[in-house]
$ cat protein.txt   # compact mmCIF, C-alpha atoms and all ligand atoms
# COMPACT_ATOMS: atom_id res chain seq x y z
CA MET Y 1 -21.46 17.51 -14.84
CA ASN Y 2 -20.96 14.17 -13.07
CA PRO Y 3 -17.95 14.54 -10.74
CA LEU Y 4 -17.28 10.81 -10.92
CA THR Y 5 -17.01 10.53 -14.66
CA SER Y 6 -15.95 13.94 -15.96
CA GLY Y 7 -12.21 13.83 -15.17
CA PRO Y 8 -9.68 13.27 -17.98
CA PHE Y 9 -8.36 10.00 -16.51
CA TYR Y 10 -11.88 8.53 -16.30
CA GLN Y 11 -12.75 9.79 -19.79
CA ASN Y 12 -9.53 8.33 -21.16
CA THR Y 13 -10.42 4.96 -19.63
CA MET Y 14 -13.92 5.06 -21.12
CA LYS Y 15 -12.53 5.82 -24.58
CA ILE Y 16 -10.56 2.57 -24.36
CA VAL Y 17 -13.78 0.79 -23.34
CA GLU Y 18 -15.61 2.32 -26.32
CA ASP Y 19 -12.85 1.33 -28.78
CA ALA Y 20 -12.75 -2.24 -27.52
CA GLY Y 21 -16.53 -2.31 -27.18
CA ARG Y 22 -16.98 -1.54 -30.89
CA LEU Y 23 -14.56 -4.30 -31.72
CA ILE Y 24 -16.40 -7.00 -29.76
CA ASN Y 25 -19.91 -5.62 -30.47
CA LEU Y 26 -20.43 -4.87 -26.80
CA ASN Y 27 -24.07 -4.83 -25.82
CA PRO Y 28 -25.15 -1.15 -25.53
CA ASN Y 29 -26.81 -1.72 -22.15
CA ALA Y 30 -23.63 -3.29 -20.80
CA LEU Y 31 -21.64 -0.31 -22.08
CA GLU Y 32 -24.06 2.13 -20.46
CA ARG Y 33 -23.76 0.30 -17.11
CA LEU Y 34 -19.95 0.17 -17.27
CA ARG Y 35 -19.68 3.88 -18.05
CA PHE Y 36 -20.85 4.72 -14.51
CA PRO Y 37 -19.49 3.56 -11.15
CA ARG Y 38 -22.09 1.82 -9.05
CA ARG Y 39 -21.50 3.82 -5.86
CA ALA Y 40 -19.16 6.43 -4.39
CA ILE Y 41 -18.62 7.22 -0.73
CA VAL Y 42 -17.08 10.56 0.27
CA VAL Y 43 -16.00 11.06 3.87
CA ASN Y 44 -14.39 13.93 5.74
CA VAL Y 45 -12.02 12.46 8.28
CA PRO Y 46 -11.04 14.46 11.39
CA VAL Y 47 -7.53 13.86 12.71
CA LYS Y 48 -6.05 15.16 15.95
CA MET Y 49 -2.62 16.31 14.77
CA ASP Y 50 0.47 16.02 17.00
CA ASP Y 51 0.46 19.80 17.58
CA GLY Y 52 -3.07 19.65 19.01
CA ARG Y 53 -4.90 21.05 15.95
CA LEU Y 54 -7.84 19.31 14.31
CA LYS Y 55 -7.37 18.71 10.62
CA ILE Y 56 -9.89 17.33 8.14
CA PHE Y 57 -8.82 15.02 5.30
CA THR Y 58 -11.22 14.05 2.53
CA GLY Y 59 -11.38 10.36 1.64
CA TYR Y 60 -13.16 8.32 -1.00
CA ARG Y 61 -14.19 4.78 -1.81
CA VAL Y 62 -15.59 4.25 -5.28
CA GLN Y 63 -17.27 0.92 -6.04
CA HIS Y 64 -17.33 0.60 -9.79
CA ASN Y 65 -18.76 -2.80 -10.63
CA GLN Y 66 -19.51 -6.10 -8.87
CA MET Y 67 -20.75 -8.32 -11.67
CA LEU Y 68 -17.96 -10.84 -11.10
CA GLY Y 69 -17.72 -10.70 -7.31
CA PRO Y 70 -17.06 -8.34 -4.38
CA PHE Y 71 -15.51 -4.95 -5.15
CA LYS Y 72 -11.72 -5.11 -4.93
CA GLY Y 73 -8.95 -2.55 -5.18
CA GLY Y 74 -6.41 -0.52 -3.27
CA ILE Y 75 -6.42 2.58 -1.08
CA ARG Y 76 -4.20 5.47 -2.19
CA TYR Y 77 -2.75 8.17 0.05
CA HIS Y 78 -1.50 11.03 -2.12
CA GLN Y 79 -1.89 14.80 -2.22
CA ASN Y 80 -3.45 14.68 -5.71
CA VAL Y 81 -6.18 12.15 -4.89
CA ASP Y 82 -9.66 13.32 -5.88
CA LEU Y 83 -13.01 11.70 -6.63
CA SER Y 84 -12.54 11.44 -10.38
CA GLU Y 85 -9.05 9.92 -10.07
CA VAL Y 86 -10.34 7.29 -7.63
CA ALA Y 87 -13.30 6.60 -9.96
CA ALA Y 88 -10.93 6.01 -12.90
CA LEU Y 89 -8.74 3.72 -10.80
CA ALA Y 90 -11.86 1.83 -9.61
CA ALA Y 91 -12.97 1.30 -13.21
CA LEU Y 92 -9.51 0.01 -14.15
CA MET Y 93 -9.82 -2.54 -11.31
CA THR Y 94 -13.10 -3.85 -12.80
CA PHE Y 95 -11.41 -4.41 -16.15
CA LYS Y 96 -8.18 -5.78 -14.61
CA ASN Y 97 -9.97 -8.31 -12.42
CA SER Y 98 -12.13 -9.44 -15.33
CA LEU Y 99 -9.14 -9.81 -17.67
CA LEU Y 100 -7.24 -11.89 -15.11
CA GLY Y 101 -10.17 -14.23 -14.59
CA LEU Y 102 -10.63 -13.36 -10.90
CA PRO Y 103 -14.03 -13.67 -9.17
CA LEU Y 104 -13.85 -10.01 -8.15
CA GLY Y 105 -15.34 -6.68 -9.13
CA GLY Y 106 -13.61 -3.31 -9.15
CA GLY Y 107 -13.25 -0.61 -6.52
CA LYS Y 108 -10.70 1.89 -5.30
CA GLY Y 109 -10.24 4.28 -2.41
CA GLY Y 110 -8.05 7.15 -1.47
CA VAL Y 111 -7.38 10.01 0.88
CA GLN Y 112 -6.12 13.39 -0.25
CA VAL Y 113 -3.02 13.61 1.94
CA ASP Y 114 0.74 13.68 1.55
CA PRO Y 115 1.56 10.75 3.87
CA THR Y 116 5.23 11.77 4.09
CA LEU Y 117 4.18 14.87 6.05
CA LEU Y 118 2.29 12.93 8.75
CA SER Y 119 3.77 11.28 11.83
CA ARG Y 120 3.11 7.58 12.46
CA ASN Y 121 0.49 8.49 15.09
CA GLU Y 122 -1.28 10.86 12.72
CA LEU Y 123 -1.26 8.25 9.95
CA GLU Y 124 -2.69 5.64 12.29
CA GLU Y 125 -5.47 7.95 13.43
CA LEU Y 126 -6.28 8.96 9.86
CA THR Y 127 -6.40 5.33 8.73
CA ARG Y 128 -8.54 4.16 11.65
CA ARG Y 129 -11.05 6.97 11.29
CA PHE Y 130 -11.22 6.63 7.50
CA THR Y 131 -11.86 2.89 7.94
CA ALA Y 132 -14.59 3.54 10.52
CA GLU Y 133 -16.30 5.94 8.10
CA ILE Y 134 -16.33 3.47 5.18
CA SER Y 135 -16.82 0.40 7.36
CA PRO Y 136 -20.56 -0.10 6.58
CA PHE Y 137 -19.65 -0.45 2.91
CA ILE Y 138 -16.62 -2.79 3.07
CA GLY Y 139 -16.19 -6.39 4.24
CA PRO Y 140 -14.74 -9.74 3.14
CA ASP Y 141 -17.83 -10.46 1.03
CA LYS Y 142 -18.54 -6.87 -0.02
CA ASP Y 143 -15.48 -4.80 -0.79
CA ILE Y 144 -11.88 -5.68 0.03
CA PRO Y 145 -9.28 -2.86 0.12
CA ALA Y 146 -5.52 -3.35 -0.37
CA PRO Y 147 -2.39 -1.16 -0.52
CA ASP Y 148 -1.77 1.28 -3.36
CA VAL Y 149 0.47 4.35 -3.75
CA GLY Y 150 1.29 5.76 -0.28
CA THR Y 151 -0.13 2.85 1.76
CA ASP Y 152 1.40 -0.44 2.90
CA SER Y 153 0.92 -3.55 5.03
CA GLN Y 154 0.88 -1.46 8.23
CA THR Y 155 -2.00 0.61 6.83
CA MET Y 156 -3.84 -2.64 6.13
CA ALA Y 157 -3.16 -3.90 9.67
CA TRP Y 158 -4.80 -0.76 11.12
CA MET Y 159 -7.74 -1.12 8.73
CA LEU Y 160 -8.23 -4.77 9.67
CA ASP Y 161 -8.09 -3.97 13.38
CA THR Y 162 -10.55 -1.07 13.16
CA TYR Y 163 -13.01 -3.02 11.00
CA SER Y 164 -12.79 -6.04 13.31
CA THR Y 165 -13.38 -3.82 16.37
CA ASP Y 166 -16.39 -2.22 14.67
CA THR Y 167 -17.96 -5.54 13.73
CA GLY Y 168 -17.13 -7.31 17.00
CA TYR Y 169 -14.87 -10.13 15.79
CA SER Y 170 -11.60 -10.62 13.93
CA GLN Y 171 -12.09 -10.45 10.18
CA THR Y 172 -8.78 -10.86 8.44
CA GLY Y 173 -10.35 -11.18 4.98
CA VAL Y 174 -11.54 -7.56 4.95
CA VAL Y 175 -8.23 -6.35 3.48
CA THR Y 176 -5.36 -7.91 1.54
CA GLY Y 177 -1.71 -6.93 1.47
CA LYS Y 178 -1.56 -7.21 5.26
CA PRO Y 179 1.39 -8.48 7.31
CA ILE Y 180 2.01 -12.26 7.26
CA GLU Y 181 1.53 -12.49 11.06
CA ILE Y 182 -2.14 -11.48 10.78
CA GLY Y 183 -3.26 -13.43 7.73
CA GLY Y 184 -1.21 -11.95 4.91
CA SER Y 185 0.11 -14.05 2.04
CA LEU Y 186 3.72 -14.85 1.35
CA GLY Y 187 4.77 -13.17 -1.87
CA ARG Y 188 2.17 -10.36 -1.75
CA ASP Y 189 4.76 -7.59 -1.23
CA SER Y 190 6.67 -8.47 -4.37
CA ALA Y 191 3.65 -9.61 -6.40
CA THR Y 192 3.02 -6.55 -8.60
CA GLY Y 193 6.71 -6.20 -9.47
CA LEU Y 194 7.03 -9.92 -10.12
CA GLY Y 195 3.96 -9.79 -12.38
CA VAL Y 196 5.55 -6.90 -14.30
CA VAL Y 197 8.63 -9.08 -14.87
CA TYR Y 198 6.56 -12.07 -16.04
CA VAL Y 199 5.00 -9.73 -18.61
CA ILE Y 200 8.45 -8.40 -19.63
CA GLU Y 201 9.64 -12.00 -20.08
CA LYS Y 202 6.75 -12.69 -22.46
CA ALA Y 203 6.97 -9.34 -24.28
CA VAL Y 204 10.68 -9.57 -25.11
CA GLN Y 205 10.01 -12.90 -26.83
CA ILE Y 206 7.88 -11.01 -29.38
CA ILE Y 207 10.94 -9.02 -30.45
CA ASN Y 208 13.20 -12.08 -30.26
CA LEU Y 209 15.20 -10.81 -27.33
CA LYS Y 210 16.42 -12.93 -24.44
CA MET Y 211 15.86 -11.67 -20.87
CA THR Y 212 19.63 -11.70 -20.39
CA GLU Y 213 20.02 -9.29 -23.32
CA ALA Y 214 17.26 -6.90 -22.30
CA ARG Y 215 18.10 -3.38 -21.10
CA ILE Y 216 15.38 -2.11 -18.80
CA ALA Y 217 14.55 1.33 -17.34
CA ILE Y 218 12.14 1.51 -14.42
CA GLN Y 219 10.42 4.71 -13.33
CA GLY Y 220 9.54 4.43 -9.64
CA PHE Y 221 11.41 2.51 -6.96
CA GLY Y 222 8.55 1.86 -4.54
CA LYS Y 223 6.43 -1.22 -3.97
CA VAL Y 224 6.17 -1.99 -7.68
CA GLY Y 225 9.38 -0.65 -9.26
CA MET Y 226 11.78 -1.94 -6.62
CA HIS Y 227 10.46 -5.49 -6.79
CA ALA Y 228 10.35 -5.39 -10.59
CA ALA Y 229 14.04 -4.39 -10.52
CA ILE Y 230 14.94 -7.17 -8.06
CA GLU Y 231 13.14 -9.85 -10.07
CA ALA Y 232 14.44 -8.65 -13.46
CA TYR Y 233 18.01 -8.56 -12.09
CA ALA Y 234 17.57 -12.09 -10.69
CA LEU Y 235 16.68 -13.30 -14.20
CA GLY Y 236 19.87 -11.77 -15.58
CA ALA Y 237 18.35 -8.71 -17.28
CA ARG Y 238 20.27 -5.43 -17.29
CA VAL Y 239 18.37 -2.83 -15.26
CA VAL Y 240 20.18 0.27 -16.50
CA ALA Y 241 18.12 2.99 -14.81
CA VAL Y 242 15.64 3.50 -11.98
CA SER Y 243 14.14 6.61 -10.43
CA ASP Y 244 12.16 7.87 -7.45
CA ILE Y 245 11.14 11.29 -6.09
CA SER Y 246 14.83 12.26 -5.89
CA GLY Y 247 15.28 11.73 -9.66
CA GLY Y 248 16.90 8.92 -11.59
CA ILE Y 249 20.19 7.05 -11.76
CA TYR Y 250 21.67 5.55 -14.91
CA ASN Y 251 24.52 3.25 -15.85
CA GLU Y 252 24.37 1.76 -19.32
CA LYS Y 253 26.26 -1.33 -18.11
CA GLY Y 254 23.49 -2.10 -15.62
CA LEU Y 255 22.90 -1.43 -11.91
CA ASN Y 256 23.68 -3.85 -9.10
CA ILE Y 257 20.13 -4.06 -7.73
CA PRO Y 258 20.82 -5.90 -4.44
CA ASP Y 259 23.44 -3.22 -3.61
CA LEU Y 260 20.99 -0.50 -4.61
CA VAL Y 261 18.25 -1.96 -2.37
CA ARG Y 262 20.68 -1.87 0.58
CA TYR Y 263 21.68 1.70 -0.35
CA VAL Y 264 18.04 2.84 -0.45
CA LYS Y 265 17.34 1.22 2.95
CA GLU Y 266 20.05 3.45 4.43
CA ASN Y 267 19.66 6.61 2.36
CA LYS Y 268 15.88 6.49 1.64
CA VAL Y 269 16.40 7.58 -2.01
CA VAL Y 270 18.30 6.31 -5.08
CA LYS Y 271 20.11 9.63 -5.58
CA ASP Y 272 23.94 9.51 -5.61
CA PHE Y 273 24.14 5.70 -5.75
CA PRO Y 274 27.86 5.19 -6.54
CA GLY Y 275 28.86 4.58 -10.14
CA THR Y 276 25.79 6.14 -11.70
CA GLN Y 277 24.89 9.24 -13.63
CA HIS Y 278 22.08 11.42 -12.29
CA ILE Y 279 19.12 11.86 -14.67
CA SER Y 280 15.69 13.43 -14.23
CA ASN Y 281 12.38 11.61 -13.92
CA SER Y 282 11.49 12.63 -17.45
CA GLU Y 283 14.91 11.70 -18.91
CA ILE Y 284 14.47 8.15 -17.67
CA LEU Y 285 11.52 7.76 -20.04
CA GLU Y 286 13.63 8.65 -23.07
CA LEU Y 287 16.66 6.39 -22.56
CA PRO Y 288 17.91 4.03 -25.28
CA VAL Y 289 16.56 0.81 -23.71
CA ASP Y 290 14.59 -2.21 -24.84
CA VAL Y 291 11.97 -2.07 -22.11
CA LEU Y 292 10.56 0.90 -20.24
CA ALA Y 293 8.46 0.16 -17.15
CA PRO Y 294 6.67 3.20 -15.74
CA CYS Y 295 5.90 2.05 -12.19
CA ALA Y 296 4.89 5.29 -10.45
CA LEU Y 297 1.86 7.44 -11.24
CA GLU Y 298 -0.59 8.05 -14.07
CA GLY Y 299 -0.21 10.50 -16.95
CA VAL Y 300 3.61 10.47 -17.30
CA ILE Y 301 3.77 9.51 -20.99
CA THR Y 302 2.00 12.23 -22.95
CA GLU Y 303 1.94 13.64 -26.48
CA LYS Y 304 4.85 15.86 -25.36
CA ASN Y 305 7.34 13.05 -24.73
CA ALA Y 306 5.88 10.03 -26.56
CA HIS Y 307 7.91 10.88 -29.70
CA GLU Y 308 11.12 10.76 -27.66
CA ILE Y 309 10.59 7.25 -26.33
CA LYS Y 310 13.19 4.84 -27.66
CA ALA Y 311 12.09 1.71 -25.84
CA LYS Y 312 10.61 -1.00 -28.05
CA ILE Y 313 8.37 -2.24 -25.27
CA ILE Y 314 6.51 -0.41 -22.51
CA VAL Y 315 5.22 -2.41 -19.56
CA GLU Y 316 2.82 -0.38 -17.43
CA GLY Y 317 3.53 -1.17 -13.80
CA ALA Y 318 1.56 1.95 -12.85
CA ASN Y 319 -2.13 2.46 -13.49
CA GLY Y 320 -2.81 4.81 -16.43
CA PRO Y 321 0.76 6.06 -17.10
CA THR Y 322 0.07 6.68 -20.81
CA THR Y 323 -2.41 9.28 -22.06
CA ARG Y 324 -4.56 8.53 -25.07
CA PRO Y 325 -2.77 10.85 -27.53
CA ALA Y 326 0.55 9.36 -26.41
CA ASP Y 327 -0.81 5.88 -26.97
CA GLU Y 328 -1.58 6.72 -30.59
CA ILE Y 329 1.94 8.08 -31.17
CA LEU Y 330 3.53 4.98 -29.61
CA HIS Y 331 1.34 2.70 -31.70
CA LYS Y 332 2.37 4.54 -34.90
CA ASN Y 333 6.02 4.25 -33.88
CA GLY Y 334 5.68 0.49 -33.42
CA VAL Y 335 6.19 0.50 -29.65
CA ILE Y 336 4.51 -2.49 -28.00
CA VAL Y 337 2.59 -1.24 -24.96
CA CYS Y 338 1.63 -3.90 -22.42
CA PRO Y 339 -1.24 -2.09 -20.70
CA ASP Y 340 -1.77 -1.59 -16.97
CA ILE Y 341 -4.72 -3.94 -16.59
CA LEU Y 342 -2.46 -6.75 -17.78
CA ALA Y 343 1.01 -5.64 -16.69
CA ASN Y 344 0.36 -4.67 -13.07
CA GLY Y 345 -2.22 -7.36 -12.38
CA GLY Y 346 0.20 -9.43 -10.25
CA GLY Y 347 -0.73 -7.43 -7.14
CA VAL Y 348 -4.42 -8.12 -7.23
CA VAL Y 349 -3.85 -11.73 -8.30
CA VAL Y 350 -1.91 -12.40 -5.09
CA SER Y 351 -4.49 -10.33 -3.18
CA TYR Y 352 -7.03 -12.83 -4.48
CA PHE Y 353 -4.77 -15.69 -3.27
CA GLU Y 354 -4.53 -13.99 0.13
CA TRP Y 355 -8.30 -13.59 0.37
CA VAL Y 356 -8.80 -17.28 -0.51
CA GLN Y 357 -6.18 -18.37 2.09
CA ASP Y 358 -7.96 -16.26 4.74
CA ILE Y 359 -11.29 -17.92 3.92
CA VAL Y 360 -9.95 -21.47 4.29
CA TRP Y 361 -7.32 -20.69 6.97
CA LEU Y 362 -4.75 -22.66 5.04
CA PHE Y 363 -1.63 -20.86 3.90
CA TRP Y 364 0.54 -21.53 0.88
CA THR Y 365 4.31 -21.52 0.49
CA GLU Y 366 5.95 -18.66 -1.39
CA GLU Y 367 6.82 -21.09 -4.17
CA GLU Y 368 3.15 -22.05 -4.58
CA VAL Y 369 2.17 -18.36 -4.72
CA ARG Y 370 4.83 -17.56 -7.33
CA ASN Y 371 4.00 -20.58 -9.48
CA LYS Y 372 0.28 -19.85 -9.47
CA LEU Y 373 0.93 -16.17 -10.19
CA ARG Y 374 3.22 -17.04 -13.11
CA GLU Y 375 0.57 -19.33 -14.57
CA ILE Y 376 -2.12 -16.61 -14.44
CA MET Y 377 0.15 -13.84 -15.81
CA TYR Y 378 1.48 -15.95 -18.70
CA LYS Y 379 -2.03 -17.09 -19.60
CA ALA Y 380 -3.40 -13.53 -19.51
CA PHE Y 381 -0.50 -12.31 -21.65
CA ASP Y 382 -1.01 -15.08 -24.23
CA LYS Y 383 -4.74 -14.36 -24.36
CA VAL Y 384 -4.20 -10.62 -24.93
CA TYR Y 385 -1.44 -11.16 -27.49
CA ALA Y 386 -3.54 -13.68 -29.46
CA PHE Y 387 -6.50 -11.25 -29.39
CA SER Y 388 -4.30 -8.41 -30.65
CA GLN Y 389 -2.95 -10.56 -33.50
CA LYS Y 390 -6.35 -11.88 -34.51
CA SER Y 391 -8.10 -8.50 -34.43
CA GLU Y 392 -5.09 -6.47 -35.58
CA VAL Y 393 -5.29 -4.04 -32.66
CA ASN Y 394 -2.78 -2.89 -30.07
CA MET Y 395 -2.36 -4.71 -26.78
CA ARG Y 396 -4.39 -2.09 -24.87
CA THR Y 397 -7.50 -2.54 -27.02
CA ALA Y 398 -6.97 -6.30 -26.99
CA ALA Y 399 -6.73 -6.45 -23.18
CA MET Y 400 -9.87 -4.36 -22.80
CA GLY Y 401 -11.70 -6.38 -25.46
CA SER Y 402 -10.87 -9.60 -23.72
CA SER Y 403 -11.90 -8.18 -20.34
CA LEU Y 404 -15.20 -6.86 -21.74
CA GLU Y 405 -16.09 -10.21 -23.28
CA ARG Y 406 -16.07 -11.83 -19.84
CA LEU Y 407 -17.88 -8.94 -18.17
CA GLN Y 408 -20.52 -8.90 -20.87
CA ARG Y 409 -21.22 -12.61 -20.46
CA ALA Y 410 -21.65 -12.15 -16.70
CA MET Y 411 -23.94 -9.15 -17.17
CA MET Y 412 -26.15 -10.96 -19.68
CA LEU Y 413 -26.41 -14.03 -17.43
CA ARG Y 414 -27.30 -11.91 -14.40
CA GLY Y 415 -29.80 -9.84 -16.34
CA SER Y 416 -27.88 -6.58 -15.87
CA ALA Y 417 -27.72 -6.17 -19.63
CA TRP Y 418 -30.08 -7.53 -22.27
N1 LIG Y 501 -3.52 -1.34 -5.80
C1 LIG Y 501 -3.23 -2.49 -6.60
C2 LIG Y 501 -3.76 -2.30 -8.01
O1 LIG Y 501 -3.90 -1.20 -8.48
C3 LIG Y 501 -3.68 -3.78 -5.95
C4 LIG Y 501 -5.15 -3.88 -5.66
C5 LIG Y 501 -5.51 -5.09 -4.83
O2 LIG Y 501 -4.66 -5.90 -4.53
O3 LIG Y 501 -6.70 -5.20 -4.49
O4 LIG Y 501 -3.99 -3.24 -8.74

$ encode --input "protein.txt" --output "structure tokens"
Amino acid sequence: MNPLTSGPFYQNTMKIVEDAGRLINLNPNALERLRFPRRAIVVNVPVKMDDGRLKIFTGYRVQHNQMLGPFKGGIRYHQNVDLSEVAALAALMTFKNSLLGLPLGGGKGGVQVDPTLLSRNELEELTRRFTAEISPFIGPDKDIPAPDVGTDSQTMAWMLDTYSTDTGYSQTGVVTGKPIEIGGSLGRDSATGLGVVYVIEKAVQIINLKMTEARIAIQGFGKVGMHAAIEAYALGARVVAVSDISGGIYNEKGLNIPDLVRYVKENKVVKDFPGTQHISNSEILELPVDVLAPCALEGVITEKNAHEIKAKIIVEGANGPTTRPADEILHKNGVIVCPDILANGGGVVVSYFEWVQDIVWLFWTEEEVRNKLREIMYKAFDKVYAFSQKSEVNMRTAAMGSSLERLQRAMMLRGSAW
């Protein structure tokens, strides 16, 4: 059994590749290559804990494919991280970056740790040592990490500093999603959430709904969900529910998002935000809304709850939130699912902008970043929607088909498939 490819999340992803591959007559050699990650690095990272103990944390970097450019993808800190999850997430990055037209391949990393249980010192030591262990395999021209679940711009600052110390000079382009002061891009923090909203804007047009009429529920109020809520609210949409680890809050008239953001800054969680009804993290998925945006973790929409979903549109801010059996149920019920590799692509698009700005040492205004991001997201949406209409398939198969067409061309040209 191959530990990289045998997990259900990886298998699920490969089934989508096979479906879309059949549709576009994917070259069998290209399919065989894409079914396996190129390389996986497993490291055991020692950390001196605040109480004096030594604790080992296992970390991973999986480099899936580099046909289009250097490996690119985030680093996740979460207690459930394992090799096969990271491999699946790395594969999704290959397909996402191809779909979005970026000159980047796909990779992903992670450490099995609950970051909320570590002190700042412990987190810094973990990050620095993890970076040192994977440092021979990353670099601005090789593999460029970024934030993901459980990591942020501070994590990236430590990674940049450790990598630069190891190599002997400052290399800001080794990571993206870093603080502005040390080479980050304006607009990177909000990019994934903003991209989700650009996709919502396009998707509601399909069902003839205006943004100002749309009722939206967002699962997750972290880096993706919170910014999606802010941007949707700014466009006049009604964000009726959001959730985080404390559960969900609901008000059918809509939440005041700027007030909620201030509330969460003070109270850390959305729970008990005045004027709202408490709901659970599974109830939020079943609300009577127009748009549901799962923006937390994978595997939350399954065959158990897919029948209960009332939203007409699902926009996947998270990677892999819908299982394959659930996807089939949603498709039968006429729910339009805008898949992860399209819907949450805003993050890596602005990571690409950041990487480019670091190479030329010329930085863009936030307006430039947002305009360029909008252009790429709208174009990707239109391409996927046109593909789905022409081939009479759902948006997930269409997005993968479109992504595979570009990858296949690159592989044939480079001689990786024949
Ligand atoms: N972690 C994000 C994702 O899943 C961003 C990756 C990046 O910016 O490289 O797409």

$ residues_near_ligand --input "protein.txt" --ligand "ligand LIG 501 (chain Y)" --cutoff "9 Å" --atoms "all atoms listed in the file" --output "PyMOL selection string"
chain Y and resi 71-76+89-90+92-93+96-97+106-108+144-149+175-177+188+192+318-319+340-341+344-352

$ closest_residue --input "protein.txt" --among "Y:Glu298, Y:Asp50, Y:Asp290, Y:Glu354" --to "Lys312 in chain Y" --atoms "all atoms listed in the file"
Y:Asp290

$ closest_residue --input "protein.txt" --among "Y:Leu99, Y:Ile41, Y:Val17, Y:Ala88" --to "Leu68 in chain Y" --atoms "all atoms listed in the file"
Y:Leu99

$ atom_distance --input "protein.txt" --atom1 "CA of Leu23 in chain Y" --atom2 "CA of Ser403 in chain Y"
12.3 Å

$ residues_near_point --input "protein.txt" --point "(23.6, 11.7, -13.5)" --cutoff "7 Å" --atoms "all atoms listed in the file" --output "list in words"
Ile249, Tyr250, Thr276, Gln277, His278 and Ile279 of chain Y

$ write_last_selection --input "protein.txt" --atoms "C-alpha atoms" --output "short mmCIF file (atom, residue, chain, number, x, y, z; two decimals), keeping the file's coordinate frame"
data_model
loop_
_atom_site.label_atom_id
_atom_site.label_comp_id
_atom_site.auth_asym_id
_atom_site.auth_seq_id
_atom_site.Cartn_x
_atom_site.Cartn_y
_atom_site.Cartn_z
CA ILE Y 249 20.19 7.05 -11.76
CA TYR Y 250 21.67 5.55 -14.91
CA THR Y 276 25.79 6.14 -11.70
CA GLN Y 277 24.89 9.24 -13.63
CA HIS Y 278 22.08 11.42 -12.29
CA ILE Y 279 19.12 11.86 -14.67
#

$ closest_residue --input "protein.txt" --among "Y:Arg35, Y:Phe363, Y:Tyr378, Y:Lys304" --to "Lys15 in chain Y" --atoms "all atoms listed in the file"
Y:Arg35

$ residues_around --input "protein.txt" --residues "Leu118 in chain Y" --least-positions-apart "5" --cutoff "10 Å" --atoms "only C-alpha atoms" --output "NGL selection string"
:Y and (49-50 or 113 or 123-124 or 126)

$ atom_distance --input "protein.txt" --atom1 "CA of Glu283 in chain Y" --atom2 "CA of Gly299 in chain Y"
15.3 Å

$ atom_distance --input "protein.txt" --atom1 "CA of Asp272 in chain Y" --atom2 "CA of Ile230 in chain Y"
19.1 Å

$ residues_around --input "protein.txt" --residues "Ala398 in chain Y" --least-positions-apart "2" --cutoff "8 Å" --atoms "all atoms listed in the file" --output "PyMOL selection string"
chain Y and resi 20+384-385+387-388+391+393-396+400-402

$ write_last_selection --input "protein.txt" --atoms "C-alpha atoms" --output "PDB file, in the frame of the given file"
ATOM      1  CA  ALA Y  20     -12.750  -2.240 -27.520  1.00  0.00           C
ATOM      2  CA  VAL Y 384      -4.200 -10.620 -24.930  1.00  0.00           C
ATOM      3  CA  TYR Y 385      -1.440 -11.160 -27.490  1.00  0.00           C
ATOM      4  CA  PHE Y 387      -6.500 -11.250 -29.390  1.00  0.00           C
ATOM      5  CA  SER Y 388      -4.300  -8.410 -30.650  1.00  0.00           C
ATOM      6  CA  SER Y 391      -8.100  -8.500 -34.430  1.00  0.00           C
ATOM      7  CA  VAL Y 393      -5.290  -4.040 -32.660  1.00  0.00           C
ATOM      8  CA  ASN Y 394      -2.780  -2.890 -30.070  1.00  0.00           C
ATOM      9  CA  MET Y 395      -2.360  -4.710 -26.780  1.00  0.00           C
ATOM     10  CA  ARG Y 396      -4.390  -2.090 -24.870  1.00  0.00           C
ATOM     11  CA  MET Y 400      -9.870  -4.360 -22.800  1.00  0.00           C
ATOM     12  CA  GLY Y 401     -11.700  -6.380 -25.460  1.00  0.00           C
ATOM     13  CA  SER Y 402     -10.870  -9.600 -23.720  1.00  0.00           C
TER      14      SER Y 402
END

$ closest_residue --input "protein.txt" --among "Y:Leu34, Y:Val204, Y:Ile301, Y:Leu100" --to "Lys379 in chain Y" --atoms "all atoms listed in the file"
Y:Leu100

$ closest_residue --input "protein.txt" --among "Y:Gly275, Y:Gly236, Y:Gly109, Y:Pro37" --to "Gln66 in chain Y" --atoms "only C-alpha atoms"
Y:Pro37

$ residues_around --input "protein.txt" --residues "Asn281 in chain Y" --least-positions-apart "2" --cutoff "8 Å" --atoms "only C-alpha atoms" --output "NGL selection string"
:Y and (219 or 243-245 or 247-248 or 279 or 283-285)

$ closest_residue --input "protein.txt" --among "Y:Leu194, Y:Leu102, Y:Leu235, Y:Ala311" --to "Trp355 in chain Y" --atoms "only C-alpha atoms"
Y:Leu102

$ decode --input "protein.txt" --residues "range 53-64 of chain Y" --atoms "C-alpha atoms" --output "PDB file, in the first residue's frame"
ATOM      1  CA  ARG Y  53      10.593  18.468  27.962  1.00  0.00           C
ATOM      2  CA  LEU Y  54      11.630  17.477  24.454  1.00  0.00           C
ATOM      3  CA  LYS Y  55       8.720  16.755  22.166  1.00  0.00           C
ATOM      4  CA  ILE Y  56       8.822  15.423  18.620  1.00  0.00           C
ATOM      5  CA  PHE Y  57       6.353  16.620  15.974  1.00  0.00           C
ATOM      6  CA  THR Y  58       6.102  14.936  12.585  1.00  0.00           C
ATOM      7  CA  GLY Y  59       6.062  17.215   9.557  1.00  0.00           C
ATOM      8  CA  TYR Y  60       5.636  16.712   5.823  1.00  0.00           C
ATOM      9  CA  ARG Y  61       6.227  18.428   2.517  1.00  0.00           C
ATOM     10  CA  VAL Y  62       4.731  16.706  -0.497  1.00  0.00           C
ATOM     11  CA  GLN Y  63       5.763  17.926  -3.952  1.00  0.00           C
ATOM     12  CA  HIS Y  64       3.132  16.683  -6.339  1.00  0.00           C
TER      13      HIS Y  64
END
